[in-house]
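Enquirer: Sharing a structure here in structure tokens format.
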Amino acid sequence: IPLLWTMVEIAAALGAAMAWFKFDDICLVAALLLGWQLLLLATFDALTGYLPRVLNLGLGLTGLIVSATVRGEIGSALLGVAIAGGILTGVAWGYRWLRGCPGLGLGDIFLFAAAGAWLGPERLAPAMLVAVMVALAQVAILAAKGNFHRQSRIRFAPALGVGVWISYLYVT
């Protein structure tokens with residue numbers, strides 16, 4: 001079994017256990033739905049370097065449904081979508097302007113915007129902080145192995161998925 005699939009299985013089991021200890025009833029189902037969607041997106045990005053819009057749309061729609069029905073916070077969810085999408089769009093434009101080349105894919109922007117429906121505006125900053133720390137750790141590991149250079153690219157969706165998941169579970 002390739003290492004990636006073993007890691008996916010471990011992440012799915014660990015994520016389910018984390019949700020099990022945090023939530024009960026319908027909130028547990030919602031948390032599992034979020035975690036498994038994030039895992040699917042992260043795996044897809046790791047394998048292909050591409051995040052399908054239909055998967056991001058599914059993440060956003062389920063986030064809006066959960067926010068409206070379970071938490072009763074549809075306004076907060078919509079604001080989270082707008083702020084998350086706006087922030088990463090600004091970062092992408094700024095990077096392109098400074099460096100003259102893209103530094104953030106459109107799929108990552110859609111992923112964070114969709115996650116905004118789950119997180120609301122108050123949990124976006126902690127999610128991004130964790131995501132950046134995970135991405136920097138990945139860069140440090142690759143650099144230590146000699147596999148990272150100035151023009152190297154990393155997949156950001158796995159790091160973003162970890163940030164969103166941690167923020168959803170532990171930031172109140």
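Naming works like this for the structure tokens: A, B, ... for the chains as they're shown, residue 1 at the start of each chain, ligands 1 onward in shown order.
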From a DSSP pass on the backbone, collect the residues of stretch 24-171 of chain A flagged as alpha helix (DSSP H) and hand them back as a VMD selection string.
Expert: chain A and resid 25 to 48 53 to 66 74 to 99 106 to 119 124 to 144 157 to 170
Enquirer: Just write the chosen residues, C-alpha atoms, as a compact mmCIF listing (two decimals), in the first residue's frame.
Expert:
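Writing the result to selection_14.txt gives the following:
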# COMPACT_ATOMS: atom_id res chain seq x y z
CA ASP A 25 -25.34 13.75 18.09
CA ILE A 26 -25.78 15.87 14.97
CA CYS A 27 -22.70 17.98 15.71
CA LEU A 28 -20.56 14.83 15.46
CA VAL A 29 -22.07 13.99 12.08
CA ALA A 30 -21.40 17.54 10.87
CA ALA A 31 -17.80 17.44 12.12
CA LEU A 32 -17.18 14.09 10.43
CA LEU A 33 -18.65 15.45 7.20
CA LEU A 34 -16.31 18.44 7.34
CA GLY A 35 -13.26 16.33 8.19
CA TRP A 36 -13.80 13.81 5.46
CA GLN A 37 -14.45 16.50 2.86
CA LEU A 38 -11.23 18.26 3.86
CA LEU A 39 -9.36 14.97 3.67
CA LEU A 40 -10.76 14.29 0.19
CA LEU A 41 -9.70 17.75 -1.01
CA ALA A 42 -6.24 17.46 0.56
CA THR A 43 -5.69 14.02 -0.98
CA PHE A 44 -6.88 15.20 -4.39
CA ASP A 45 -4.50 18.17 -4.24
CA ALA A 46 -1.60 16.01 -3.08
CA LEU A 47 -2.12 13.58 -5.97
CA THR A 48 -2.96 15.97 -8.79
CA ARG A 53 -14.52 23.35 -8.01
CA VAL A 54 -17.31 20.82 -7.53
CA LEU A 55 -15.59 19.51 -4.37
CA ASN A 56 -15.05 23.04 -3.06
CA LEU A 57 -18.67 23.86 -3.88
CA GLY A 58 -19.80 20.78 -1.96
CA LEU A 59 -17.73 21.86 1.03
CA GLY A 60 -19.22 25.34 0.93
CA LEU A 61 -22.81 24.18 0.50
CA THR A 62 -22.61 21.66 3.32
CA GLY A 63 -21.03 24.37 5.48
CA LEU A 64 -23.91 26.73 4.76
CA ILE A 65 -26.48 24.01 5.45
CA VAL A 66 -24.83 23.01 8.74
CA ILE A 74 -26.23 31.64 8.36
CA GLY A 75 -25.19 35.30 8.46
CA SER A 76 -21.90 34.43 10.12
CA ALA A 77 -21.33 31.67 7.57
CA LEU A 78 -21.91 33.98 4.61
CA LEU A 79 -19.62 36.59 6.13
CA GLY A 80 -16.97 33.89 6.63
CA VAL A 81 -17.20 32.93 2.95
CA ALA A 82 -16.80 36.54 1.82
CA ILE A 83 -13.94 37.37 4.16
CA ALA A 84 -11.99 34.15 3.53
CA GLY A 85 -12.34 34.44 -0.23
CA GLY A 86 -11.45 38.12 -0.16
CA ILE A 87 -8.37 37.66 2.00
CA LEU A 88 -6.82 34.91 -0.10
CA THR A 89 -7.73 36.69 -3.33
CA GLY A 90 -5.84 39.73 -2.05
CA VAL A 91 -2.87 37.59 -1.05
CA ALA A 92 -2.82 35.93 -4.49
CA TRP A 93 -2.99 39.27 -6.30
CA GLY A 94 -0.33 40.78 -4.05
CA TYR A 95 2.04 37.87 -4.59
CA ARG A 96 1.52 37.98 -8.34
CA TRP A 97 2.16 41.73 -8.35
CA LEU A 98 5.33 41.44 -6.27
CA ARG A 99 6.83 38.33 -7.86
CA LEU A 106 -7.59 29.51 -7.41
CA GLY A 107 -8.61 26.18 -5.88
CA ASP A 108 -6.95 27.17 -2.59
CA ILE A 109 -8.92 30.43 -2.60
CA PHE A 110 -12.17 28.54 -3.21
CA LEU A 111 -11.26 26.01 -0.51
CA PHE A 112 -10.68 28.69 2.12
CA ALA A 113 -13.85 30.53 1.07
CA ALA A 114 -15.85 27.30 1.38
CA ALA A 115 -14.26 26.66 4.77
CA GLY A 116 -15.42 30.14 5.79
CA ALA A 117 -18.98 28.80 5.71
CA TRP A 118 -18.00 26.26 8.36
CA LEU A 119 -15.83 28.56 10.45
CA LEU A 124 -10.53 32.23 10.01
CA ALA A 125 -7.35 33.73 11.47
CA PRO A 126 -6.55 30.72 13.69
CA ALA A 127 -7.21 28.39 10.74
CA MET A 128 -4.82 30.32 8.52
CA LEU A 129 -2.19 30.53 11.26
CA VAL A 130 -2.17 26.75 11.68
CA ALA A 131 -2.19 26.24 7.90
CA VAL A 132 0.83 28.50 7.43
CA MET A 133 2.70 26.77 10.27
CA VAL A 134 2.01 23.36 8.70
CA ALA A 135 3.14 24.61 5.28
CA LEU A 136 6.31 26.12 6.74
CA ALA A 137 7.06 22.85 8.52
CA GLN A 138 6.66 21.06 5.18
CA VAL A 139 9.06 23.51 3.54
CA ALA A 140 11.57 23.08 6.38
CA ILE A 141 11.47 19.29 6.02
CA LEU A 142 11.90 19.47 2.25
CA ALA A 143 14.74 22.00 2.60
CA ALA A 144 16.51 19.82 5.17
CA ALA A 157 -4.67 22.34 0.50
CA PRO A 158 -3.37 19.70 2.94
CA ALA A 159 -2.02 22.42 5.25
CA LEU A 160 -5.19 24.45 4.85
CA GLY A 161 -7.27 21.38 5.64
CA VAL A 162 -5.36 20.83 8.89
CA GLY A 163 -5.81 24.48 9.83
CA VAL A 164 -9.54 24.45 9.14
CA TRP A 165 -10.02 21.17 11.01
CA ILE A 166 -8.11 22.31 14.11
CA SER A 167 -9.89 25.66 14.11
CA TYR A 168 -13.31 24.03 13.74
CA LEU A 169 -12.67 21.63 16.61
CA TYR A 170 -10.83 23.78 19.10
Enquirer: Which is closest to A:Phe156 among A:Gly15, A:Gly103, A:Gly72, A:Pro52, if we use only C-alpha atoms?
Expert: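 Looking at the shortest contact to A:Phe156, the residue is A:Gly103.
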Enquirer: Would you please work out which residue, of A:Gly120, A:Asp24, A:Lys145, A:Tyr50, is nearest to A:Glu73 when using only C-alpha atoms?
Expert: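 Among A:Gly120, A:Asp24, A:Lys145, A:Tyr50, it is A:Gly120 that comes nearest to A:Glu73.
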Enquirer: What is the atom CA of A:Val171 to atom CA of A:Ser67 distance in Å?
Expert: 15.7 Å
